[in-house]
Every structure is written in C-alpha cells, then in structure tokens.
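For reference, the structure is listed below as structure tokens.
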Amino acid sequence: MTPPPLDRRSLVLAALSTVVEWYDFTLFLYLATLLSRLFFTGQQALLVTLGGFAVAYLMRPLGALVFGHFGDRHGRRATLIGSMALMTVAMTATALLPTAAQVGPGAGVALLLLRCVMGFAVGGEYTGVVAYLLEGAPPHRRGLVTSLAAATSEVGALLAAAVAALTVTLIPLPALDDWGWRIPFLFGAALAAMILLARSAMRESPDFEAGRNAGRLLANPIADSWARRRAGVLRGFAISALGSITYYVGITYVPVYLTATTGMEEGVSLQLATIAALAVILVTPLVGLLADRLGRRPVLVALATIAAILPWMVFRAFADAGVAAAVIGAVLLAALAGGVSAVGAVATAEQLPAEGRLSGLALGATSATALFGGLTPWLAQWLTVRTGTPQAPGIMIAIVAVGVLPVLLTLPDPSRTR
C-alpha cells in the first residue's frame, strides 16, 4: 500500500531550501567586488573571484551524483538533511574566514574551497527537493507543488539583494571591510540552520517508502539509471538545457548585458533584475497549475516555440530601448524562463521512476544545468562582443529551443495517464 501524500508542512520545508541556495548564489555575485579586495590582491582579483565561482558551479553535478546515490539508497529525507547541514557549515565557515590582510594568500584559497563545498552541497539539494516535492504531492497537483522549487529560489535572490544592499549602505566602508561583510553570510547560515532544525520533523517521501517496503531499492542506482533509463535521463537533459539557458541568459545575464552593451546604469539594470525576479515568483505557480490542467507536453512545446522566437527579438530591441521598453523586455524574458523552470522541474523528474530518480536527475538535468547554465552567460557576452550582434544571446536561446523541440513533441506525459 502506497503511503498517503506528504503533509503541507513537509512540502513547505523542502521548498524553502531553495531560498538558502539562491540566497548564497546571488549574495556571492552581489558582493564579488567586496570579496575580491578582501581575499585577493592584484589587478586580476575580481576575475579570480568570479573564476572561482564558476569552478565551484561545476561541482554541482558531482554533488548531485553523490547525494543522488545516497538518496536513492537511504531516502530523500536523509539527503535533504545532509545537504542542508553541509550548506550551513559552508556558510558559517565563510562568515568566519580571516582575510588576506590577516593571513595572506591562504584566505583566498580557503574562500574558493568553501565555494566548492557549497556547490557540491547545492548539487544534491535541488535534485533532492524536486524529487521530494514530486513524490509527496497529490497526483493532481504535482505540477503546482514542484514549481515551488523555482518560485522560492527567486525569493532567495530577492532576499540576498536586500541584505547586501542594506549591509553596504548602512555600514561605513572601514567597518564593512573589517567585520560588516560577514553579516550577510551569518544571516544565511542562521537561515540554513533553522531550516535544518525544522527538517528533522519531515516525513520520508511516500514513493521511496513504498519502494523500500517492496524491496525495489537499487544497489547501484547511477549505473542502473544510465543502463536502463537512458532515454529518460536524456529527455531530462534536454528539458533542463532549455530551462537553464532561458534562465541564465534570459534573467541572470540581462543586467550585465544592459550595462555592458547599452550603457545602462548598473543601479537601473539591477532594479530591472529585481522586477524580473518578482515576475518569476508570480509566473511559476500559474504555469505549474497550467501543467496540471493541460499536461506537461503541450505547455513545454508552447514555451519552447516562444523561446525560439521571443528572446532574439527582445535582445535586438534592447539595443535601442529606453528604460520602459527594457522593463517590458526583461519581464517577458523572466516570465518565459520562469515558465520553463516551473514545468521543467516536474517534467524532468517524471521521466524517471522513483527507484533511481535522484541519480537519473543528476546524470541528466544537473549536467545540463552545469553546461547550459554556468557557462552560457560568459559565452553570450563573448559572442556579443566578438560578432557585434546585439541579438546573439537571444539566438543562443533560439538554437537550444529548436534543438529540444523534437524531444518535447514526443515527450511521454505521465500526468495524462493518471
């Protein structure tokens, strides 16, 4: 007998973890200039800081594989507790680090090592959250509930922007360099610790419990996923590729693009990013509901078709757009990215059975995020500068959308068979 769906408290606690994940991710980027002068020296300090961030990002697939194997063998609850514990330790240790002025070059090395630890933990966190939400939700509300992982991530980004802005604004520069920079990281560590403590009362995923009771747990879920569920892994890769490039180029990269290409002031472009984050928070649950009502396949096909047309038009218009037009363009791109992320979360997880689901997501979805998320903003900027084509970032999104559209048109849709 399959255990009943999870209670609302367990689902909320799982979804809230992405607040911590994206708080840390965004905070590090907002404070990159400050951290570069505290932990590194020389003209390349900022570049080294951002390079370390990129390397740490590539730790996510490794973390997803390790935590995925553990989660498929020992349960989602244990995985979510373990990954959040590691995130809490990493953020606390970052807040307590000595600076380069205190201990020399070792400070920078320690900072980058802790970024790698954080990237490793986050890799296991997101796949665990998506699987837990999918498996714990009522069957007719899986799209809506799983979309919360995308919505709450933007809450974390907004929280990071607010905390960073308050810290930098209210604390004088000498004090900021001395101790003030530690406050945002301590706040994040406290937030992670509270969620970790609350997670001790979470129930196990019903699907995992059913598999364990029936003796269906896999001895080697990673190998089994690749050998027997390869088609589902590759479909998850394709869906995540579209979600990643629409998000990281269509949202994360837009402030950089507007500042570097159109000459927009940094403050204005970051305000646009805040508006875009609010758009994502509003759009994701609506698209999740739509995916529950219409099915995953038609919603994804519609979004991929829009992604093949809209982004290159928006990036082309950015070149001559005023602030009002730029706001409209940024919101449209954010809504598209939020929609793909919302339905993509549930669709990727549904391509795999509960036995080996975390490992299959690590092989497919997380690997695609590393390739089409972490590297594409850099590639978009390089192409824009090298070719002199302002719509190059939009063309990148269009190419991926057209490439994955055949996969989406033939996508198995478990939501239509229930």
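Just remember, in the structure tokens the first chain shown is A, the second B, etc., residues are 1-based per chain, and ligands are 1-based in the order shown.
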
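Within the 12 Å cut-off around Gly295 of chain A, using only C-alpha atoms and omitting residues fewer than 5 positions from it on the same chain, the listed residues are His140, Arg141, Arg142, Gly143, Leu144, Val287, Gly288, Leu289, Leu290, Leu300, Val301, Ala302, Val343, Gly344, Val346, Ala347, Glu350, Leu411, Pro412, Asp413, Pro414, Ser415, Arg416, Thr417 and Arg418 of chain A.
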
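Near Gly52 of chain A, within 10 Å and counting only C-alpha atoms, sit Leu46, Leu47, Val48, Ala56, Tyr57, Gly108, Val109, Leu111, Leu112, Leu113, Arg115 and Cys116 of chain A; same-chain residues fewer than 4 positions away were not included.
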
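Between atom CA of Val314 of chain A and atom CA of Thr274 of chain A the interatomic distance comes to 18.1 Å.
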
### Query
Quick one: of A:Phe70, A:Tyr132, A:Phe39, A:Trp226, who's nearest to Gly106 of chain A, counting only C-alpha atoms?
A:Phe39

### Task
Please provide as a count of residues only all residues within 9 Å of segment 388-398 of chain A, with the sequence filter that same-chain residues fewer than 2 positions apart are discarded (counting only C-alpha atoms).
35

### Message
Taking 5 positions as the minimum chain separation for residues in the same chain, which residues sit within 9 Å of Glu135 of chain A when counting only C-alpha atoms? Answer as an MDAnalysis selection string.
### Response
chainID A and resid 5:6 130 142 205:208 354

### Message
Give me, as a VMD selection string, the residues of segment 171-358 of chain A that a backbone DSSP run labels alpha helix (DSSP H).
### Response
chain A and resid 173 to 175 182 to 199 206 to 213 221 to 228 230 to 247 254 to 262 266 to 294 296 to 307 310 to 318 323 to 350 357 to 358

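The shell of residues at most 9 Å from Ala95 of chain A, with only C-alpha atoms counted and near chain neighbours (fewer than 5 positions) removed, consists of Ala90, Trp181, Arg182, Ile183, Pro184, Phe185, Leu186 and Ala189 of chain A.
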
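Compared by their closest atoms to Ala85 of chain A, and using only C-alpha atoms, the residues A:Leu197, A:Leu29, A:Leu134, A:Ala107 rank with A:Leu197 nearest.
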
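The shell of residues at most 6 Å from Val280 of chain A, with only C-alpha atoms counted and near chain neighbours (fewer than 3 positions) removed, consists of Ala277, Val283, Thr284, Ala334, Ala335 and Gly338 of chain A.
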
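When only C-alpha atoms are used to measure the gap to Leu371 of chain A, the shortest distance among A:Ala241, A:Val12, A:Val256, A:Ile171 belongs to A:Ala241.
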